[in-house]
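File shown here: input-v3.txt, holding compact mmCIF, C-alpha atoms.
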```
# COMPACT_ATOMS: atom_id res chain seq x y z
CA MET K 179 0.48 61.95 -31.15
CA LYS K 180 3.27 59.77 -32.44
CA ARG K 181 3.10 58.71 -36.08
CA LYS K 182 3.21 55.12 -37.22
CA VAL K 183 5.68 53.43 -39.54
CA LYS K 184 5.85 50.34 -41.69
CA ILE K 185 9.12 48.46 -41.98
CA ILE K 186 10.49 48.11 -45.50
CA GLN K 187 13.86 46.46 -45.06
CA LYS K 188 16.52 45.76 -42.45
CA GLY K 189 20.24 45.68 -43.12
CA ASN K 190 23.71 45.71 -41.61
CA HIS K 191 22.81 42.87 -39.23
CA ASP K 192 19.45 44.52 -38.49
CA LYS K 193 21.19 47.61 -37.11
CA ILE K 194 19.74 49.80 -39.84
CA VAL K 195 16.01 49.73 -40.47
CA ILE K 196 14.36 51.47 -43.40
CA CYS K 197 10.72 52.32 -42.72
CA ILE K 198 8.00 54.35 -44.30
CA ASP K 199 5.60 56.84 -42.76
CA ASP K 200 2.25 55.07 -42.57
CA GLN K 201 0.22 58.07 -43.72
CA ASN K 202 2.28 58.73 -46.84
CA SER K 203 3.20 55.13 -47.62
CA SER K 204 0.89 54.76 -50.60
CA GLU K 205 2.31 57.71 -52.58
CA ILE K 206 5.94 56.87 -51.77
CA LEU K 207 5.57 53.16 -52.56
CA GLN K 208 3.87 53.85 -55.87
CA TYR K 209 6.82 56.06 -56.75
CA ILE K 210 9.47 53.55 -55.62
CA PHE K 211 7.90 50.72 -57.58
CA SER K 212 7.44 52.78 -60.73
CA SER K 213 9.58 51.90 -63.72
CA ASN K 214 13.23 53.04 -63.65
CA VAL K 215 12.97 54.15 -60.03
CA PHE K 216 13.16 50.78 -58.28
CA THR K 217 16.76 50.06 -59.34
CA GLU K 218 17.83 53.50 -58.13
CA TYR K 219 16.00 52.93 -54.87
CA MET K 220 17.82 49.59 -54.42
CA ILE K 221 21.15 51.37 -54.94
CA ILE K 222 20.31 54.03 -52.35
CA GLN K 223 19.19 51.30 -49.96
CA SER K 224 22.48 49.44 -50.45
CA LEU K 225 24.46 52.65 -49.84
CA ILE K 226 22.57 53.21 -46.60
CA PHE K 227 23.10 49.64 -45.41
CA GLU K 228 26.79 49.73 -46.33
CA GLN K 229 27.05 53.19 -44.72
CA ILE K 230 28.56 54.76 -47.81
CA ARG K 231 27.75 58.45 -47.85
CA ILE K 232 27.36 59.92 -51.33
CA LYS K 233 25.82 63.40 -51.32
CA GLU K 234 24.25 62.92 -54.73
CA LYS K 235 22.23 59.94 -53.48
CA TYR K 236 21.52 60.40 -49.78
CA CYS K 237 22.41 63.38 -47.67
CA LYS K 238 21.26 65.79 -45.00
CA ALA K 239 18.52 68.18 -46.06
CA ASP K 240 20.43 70.80 -44.09
CA VAL K 241 17.86 73.60 -44.05
CA SER K 242 17.97 74.52 -40.38
CA ASN K 243 18.62 73.18 -36.91
CA LYS K 244 14.96 72.23 -36.60
CA ALA K 245 15.46 69.78 -39.43
CA LYS K 246 18.80 68.40 -38.31
CA ASP K 247 17.62 64.78 -38.51
CA VAL K 248 16.06 65.19 -41.94
CA PHE K 249 17.81 63.55 -44.86
CA GLU K 250 16.94 63.24 -48.51
CA MET K 251 17.14 60.36 -50.94
CA ARG K 252 17.90 61.80 -54.35
CA PHE K 253 16.56 60.21 -57.51
CA THR K 254 18.33 61.65 -60.53
CA ASN K 255 18.45 58.89 -63.15
CA SER K 256 16.63 59.32 -66.46
CA GLY K 257 16.52 63.09 -66.09
CA ARG K 258 14.56 63.06 -62.85
CA ASN K 259 15.28 65.31 -59.91
CA ASP K 260 13.09 63.89 -57.19
CA ARG K 261 13.52 63.60 -53.45
CA ILE K 262 12.19 61.46 -50.68
CA TYR K 263 12.59 63.26 -47.39
CA CYS K 264 13.47 60.99 -44.51
CA LYS K 265 14.01 61.32 -40.81
CA GLU K 266 16.75 59.44 -39.01
CA GLN K 267 16.03 58.29 -35.50
CA SER K 268 18.09 56.08 -33.20
CA LEU K 269 16.69 53.62 -30.72
CA GLY K 270 19.22 51.61 -28.75
CA SER K 271 21.82 50.37 -31.18
CA LYS K 272 19.43 50.59 -34.13
CA ARG K 273 19.22 53.39 -36.66
CA TYR K 274 15.80 53.95 -38.19
CA ILE K 275 15.46 55.75 -41.51
CA ILE K 276 11.85 56.75 -42.04
CA MET K 277 10.79 57.78 -45.53
CA ILE K 278 8.25 60.53 -44.99
CA GLU K 279 7.52 62.70 -47.98
CA LEU K 280 8.00 62.56 -51.73
CA TYR K 281 8.91 65.72 -53.60
CA GLN K 282 8.94 65.35 -57.36
CA SER K 283 10.63 67.40 -60.08
CA LYS K 284 12.81 69.67 -58.03
CA LYS K 285 13.72 72.44 -60.45
CA THR K 286 16.38 74.52 -58.71
CA GLU K 287 19.05 74.14 -56.06
CA ASN K 288 17.21 76.60 -53.83
CA ILE K 289 14.44 75.54 -51.52
CA SER K 290 11.40 77.78 -51.25
CA ASN K 291 10.40 79.08 -47.83
CA LYS K 292 7.19 77.08 -48.03
CA PHE K 293 9.11 73.88 -48.58
CA LYS K 294 11.70 74.79 -45.98
CA ASN K 295 8.85 75.01 -43.47
CA ARG K 296 7.59 71.64 -44.67
CA ILE K 297 11.02 70.06 -44.08
CA GLN K 298 11.16 71.62 -40.62
CA THR K 299 7.74 70.18 -39.86
CA ILE K 300 9.01 66.76 -40.93
CA GLY K 301 11.97 67.26 -38.58
CA GLY K 302 9.52 67.63 -35.71
CA TYR K 303 7.66 64.39 -36.37
CA GLU K 304 7.89 61.72 -33.71
CA TYR K 305 7.43 58.05 -34.43
CA GLU K 306 6.29 54.92 -32.68
CA LEU K 307 9.23 52.56 -33.27
CA MET F 245 -4.57 52.31 -51.25
CA ASN F 246 -3.26 51.44 -47.83
CA TYR F 247 -0.44 48.89 -48.02
CA SER F 248 0.22 46.44 -45.21
CA GLU F 249 3.80 45.35 -44.48
CA GLU F 250 2.96 42.06 -46.22
CA ASP F 251 1.75 43.94 -49.31
CA ILE F 252 5.02 45.88 -49.34
CA GLN F 253 7.06 42.66 -49.18
CA LYS F 254 5.00 41.19 -52.03
CA ALA F 255 5.55 44.32 -54.11
CA PHE F 256 9.29 43.95 -53.50
CA GLU F 257 9.10 40.29 -54.56
CA LYS F 258 7.47 41.28 -57.81
CA SER F 259 9.90 44.07 -58.55
CA LEU F 260 13.13 42.23 -57.67
CA PRO F 261 13.31 40.11 -60.85
CA GLU F 262 13.24 43.27 -62.95
CA VAL F 263 16.32 44.66 -61.25
CA ASP F 264 19.62 44.69 -63.13
CA TYR F 265 21.87 43.21 -60.46
CA ALA F 266 25.07 43.58 -62.47
CA LEU F 267 24.40 47.32 -62.68
CA ILE F 268 23.66 47.60 -58.97
CA ASP F 269 26.76 45.64 -57.99
CA ALA F 270 28.90 47.74 -60.36
CA GLN F 271 27.50 50.98 -58.95
CA ILE F 272 27.95 49.92 -55.34
CA LEU F 273 31.53 48.89 -56.10
CA MET F 274 32.11 52.31 -57.69
CA TYR F 275 30.50 54.07 -54.73
CA ARG F 276 32.85 52.30 -52.32
CA PHE F 277 35.68 54.16 -54.08
CA LEU F 278 33.73 57.39 -54.50
CA GLY F 279 32.65 57.31 -50.86
CA GLU F 280 36.34 57.44 -49.94
CA VAL F 281 36.94 60.21 -52.48
CA GLU F 282 34.07 62.18 -50.96
CA LYS F 283 35.49 61.80 -47.45
CA ILE F 284 38.85 63.18 -48.60
CA THR F 285 37.40 66.01 -50.70
CA ASP F 286 35.13 67.05 -47.81
CA LEU F 287 38.08 66.99 -45.46
CA LYS F 288 40.26 69.02 -47.80
CA LYS F 289 37.32 71.23 -48.85
CA ILE F 290 37.75 70.36 -52.51
CA SER F 291 34.68 71.03 -54.63
CA ARG F 292 33.50 68.71 -57.40
CA ARG F 293 34.60 71.38 -59.90
CA GLN F 294 38.09 71.52 -58.41
CA LEU F 295 38.28 67.73 -58.39
CA ALA F 296 37.35 67.70 -62.08
CA LYS F 297 40.15 70.13 -62.82
CA MET F 298 42.63 68.11 -60.77
CA VAL F 299 41.92 64.93 -62.72
CA GLY F 300 41.62 66.67 -66.08
CA THR F 301 37.96 66.10 -66.79
CA SER F 302 34.75 68.12 -66.86
CA PRO F 303 32.66 68.89 -63.77
CA SER F 304 29.64 67.35 -65.46
CA TYR F 305 31.47 64.03 -65.86
CA ILE F 306 32.27 64.03 -62.15
CA THR F 307 28.61 64.79 -61.38
CA GLN F 308 27.52 61.96 -63.65
CA LEU F 309 29.81 59.58 -61.79
CA PHE F 310 28.54 60.59 -58.36
CA GLN F 311 24.93 60.46 -59.57
CA GLY F 312 25.52 56.97 -60.91
CA ASN F 313 24.76 57.85 -64.52
CA LYS F 314 28.22 56.67 -65.57
CA ILE F 315 30.47 53.94 -64.21
CA ILE F 316 33.99 55.02 -63.34
CA ASN F 317 36.96 53.40 -65.08
CA LEU F 318 40.23 52.37 -63.49
CA GLU F 319 42.18 55.12 -65.25
CA MET F 320 39.99 57.76 -63.61
CA LEU F 321 40.40 56.06 -60.23
CA GLY F 322 44.15 56.19 -60.73
CA LYS F 323 43.96 59.89 -61.53
CA MET F 324 41.86 60.56 -58.42
CA GLN F 325 44.32 58.61 -56.31
CA LYS F 326 47.22 60.67 -57.60
CA ALA F 327 45.41 64.01 -57.44
CA LEU F 328 44.25 63.52 -53.87
CA GLY F 329 47.51 61.95 -52.66
CA ILE F 330 45.79 58.79 -51.47
CA LYS F 331 46.02 55.08 -52.13
CA PHE F 332 43.01 52.81 -52.41
CA GLU F 333 43.51 49.57 -50.53
CA ILE F 334 41.83 46.46 -51.84
CA ASN F 335 40.65 43.79 -49.49
CA ALA F 336 38.81 40.71 -50.65
CA VAL F 337 36.59 39.09 -48.04
CA PRO F 338 34.11 36.21 -48.31
CA GLY F 339 30.81 37.40 -49.75
CA ASP F 340 27.76 37.45 -47.51
CA ASN F 341 24.11 37.14 -48.33
CA GLN F 342 23.85 40.89 -48.69
CA THR F 343 24.60 40.70 -52.40
CA CYS F 344 21.46 41.03 -54.44
CA GLU F 345 21.45 37.63 -56.10
CA LYS F 346 22.10 35.77 -52.88
CA LYS F 347 19.39 37.74 -51.13
CA ILE F 348 16.97 36.47 -53.69
CA HIS F 349 18.10 32.87 -53.36
CA ALA F 350 17.78 33.10 -49.60
CA PHE F 351 14.43 34.83 -49.93
CA TYR F 352 12.96 32.07 -52.05
CA PHE F 353 14.70 29.25 -50.21
CA GLU F 354 12.83 30.28 -47.06
CA ARG F 355 9.60 29.73 -48.90
CA VAL F 356 10.38 26.23 -50.13
CA HIS F 357 8.50 23.57 -48.27
CA THR F 358 9.39 20.52 -50.32
CA ILE F 359 11.72 20.07 -53.22
CA ASN F 360 10.87 17.50 -55.81
CA VAL F 361 14.30 16.66 -57.15
CA ASN F 362 13.09 13.99 -59.57
CA LYS F 363 10.96 16.47 -61.41
CA VAL F 364 13.75 19.05 -61.08
CA ARG F 365 11.43 21.74 -59.89
CA TYR F 366 10.34 23.35 -56.70
CA ALA F 367 6.98 22.02 -55.71
CA SER F 368 5.73 24.75 -53.47
CA ILE F 369 7.43 28.07 -53.81
CA LYS F 370 4.81 30.57 -52.80
CA HIS F 371 4.12 33.43 -55.15
CA ILE F 372 6.34 32.05 -57.91
CA ASN F 373 3.50 32.09 -60.42
CA ASP F 374 2.84 35.75 -59.69
CA LEU F 375 6.29 36.72 -60.79
CA PRO F 376 6.52 38.11 -64.29
CA SER F 377 10.03 37.13 -65.27
CA PHE F 378 11.81 34.78 -63.01
CA ASP F 379 12.76 32.06 -65.48
CA LYS F 380 16.36 32.10 -64.37
CA TYR F 381 15.32 30.87 -60.95
CA LYS F 382 12.37 28.68 -61.81
CA MET F 383 14.23 25.39 -62.18
CA PRO F 384 17.39 25.55 -60.10
CA MET F 385 18.96 22.27 -59.03
CA GLU F 386 18.77 21.59 -55.35
CA ASP F 387 22.55 21.31 -54.94
CA THR F 388 23.12 24.64 -56.73
CA ILE F 389 20.79 26.43 -54.35
CA GLN F 390 22.24 24.57 -51.36
CA LYS F 391 25.73 25.66 -52.45
CA GLU F 392 24.52 29.26 -52.66
CA ILE F 393 23.01 29.09 -49.20
CA ASN F 394 26.13 27.48 -47.74
CA THR F 395 28.28 30.23 -49.24
CA ALA F 396 25.87 32.90 -48.01
CA CYS F 397 25.93 31.53 -44.50
```
Take the structure in the file and write it out as structure tokens.
Amino acid sequence: MKRKVKIIQKGNHDKIVICIDDQNSSEILQYIFSSNVFTEYMIIQSLIFEQIRIKEKYCKADVSNKAKDVFEMRFTNSGRNDRIYCKEQSLGSKRYIIMIELYQSKKTENISNKFKNRIQTIGGYEYEL
Amino acid sequence: MNYSEEDIQKAFEKSLPEVDYALIDAQILMYRFLGEVEKITDLKKISRRQLAKMVGTSPSYITQLFQGNKIINLEMLGKMQKALGIKFEINAVPGDNQTCEKKIHAFYFERVHTINVNKVRYASIKHINDLPSFDKYKMPMEDTIQKEINTAC
């Protein structure tokens, strides 16, 4: 069954749409709107809309081919090291970026097998757009 | 709690006044340069550490720049230009309503039903009383806002 999304913001003449996975929206939104995070989120959003690729802010999760459409927003200000895993999907001329899962306090560069599987699962999600 | 799309928009409305727009604009401006630097370093397979060495600074400073914890200065941009054998081109174009401040003006302008110019206040901006700190925008003159909208359009 296809998962549902909620639209957060549209940019670049509506060609890029940032959405949020309906099931996880509560947790992710609470995080985004928490103090010190919102400004960083707005910067990442602007980078996405202006199509500026900066690895330290938004990049491919790059764990395997199964997760080839999975990207991560990186929140590193104020000593944080948090991620929001997203899936990119295209429909016509529009690019949808769906925020799916929040991962807080990433400690190391390496990704555990358990989390790698989680990212791959995210890569397999299909959405009603 | 399950948020509707309307709830999400309201939450954005409430959070927007707390945003430091000068900081965001400065960072985005910096990232326009760094985005180009990243393209070149990826192409030439230059690591952040190597880039730091090439411009005579520490790898942690470079990381801080790319993470947005520090704002780059023009001297460093000049060093990057020279080290990578590139030239940044500057092109000024008319601003659009994508800049943060204009987005806000446009956002609230949409919600204005009538403007009472004599009292120099907006009579019916929805949600304005819910906003914690929006003093800067509470009593704008009609012509100032109109000018902003004209520029944005």
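Excluding Gln271 of chain F itself and same-chain residues fewer than 2 positions from it, the residues having an atom within 8 Å of it are Ile221 of chain K; Leu267, Ile268, Asp269, Leu273, Met274, Tyr275, Gly312 and Ile315 of chain F, counting only C-alpha atoms.
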Inset, instruction - Define the interface residues of chain F facing chain K as those within 9 Å, counting all atoms listed in the file, and report them as a ChimeraX atom specification. - result: /F:245-249,252-253,255-256,259-260,262-265,267-269,271-272,275-276,278-280,282-283,307,310-313,342
Legend entry - Within 6 Å of segment 273-280 of chain K using all atoms listed in the file, minus same-chain residues under 3 positions, as a VMD selection string: chain K and resid 194 to 199 261 to 268
Inset, instruction - Give me the residues within 9 Å of Arg293 of chain F as a list in words, counting only C-alpha atoms and dropping any in the same chain fewer than 6 places off. - result: Ser302, Pro303, Ser304 and Ile306 of chain F
Inset, instruction - One decimal, Å: what's the distance from atom CA of Gln325 of chain F over to atom CA of Tyr305 of chain F, could you say? - result: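 Computed distance, atom CA of Gln325 of chain F to atom CA of Tyr305 of chain F, equals 16.9 Å.
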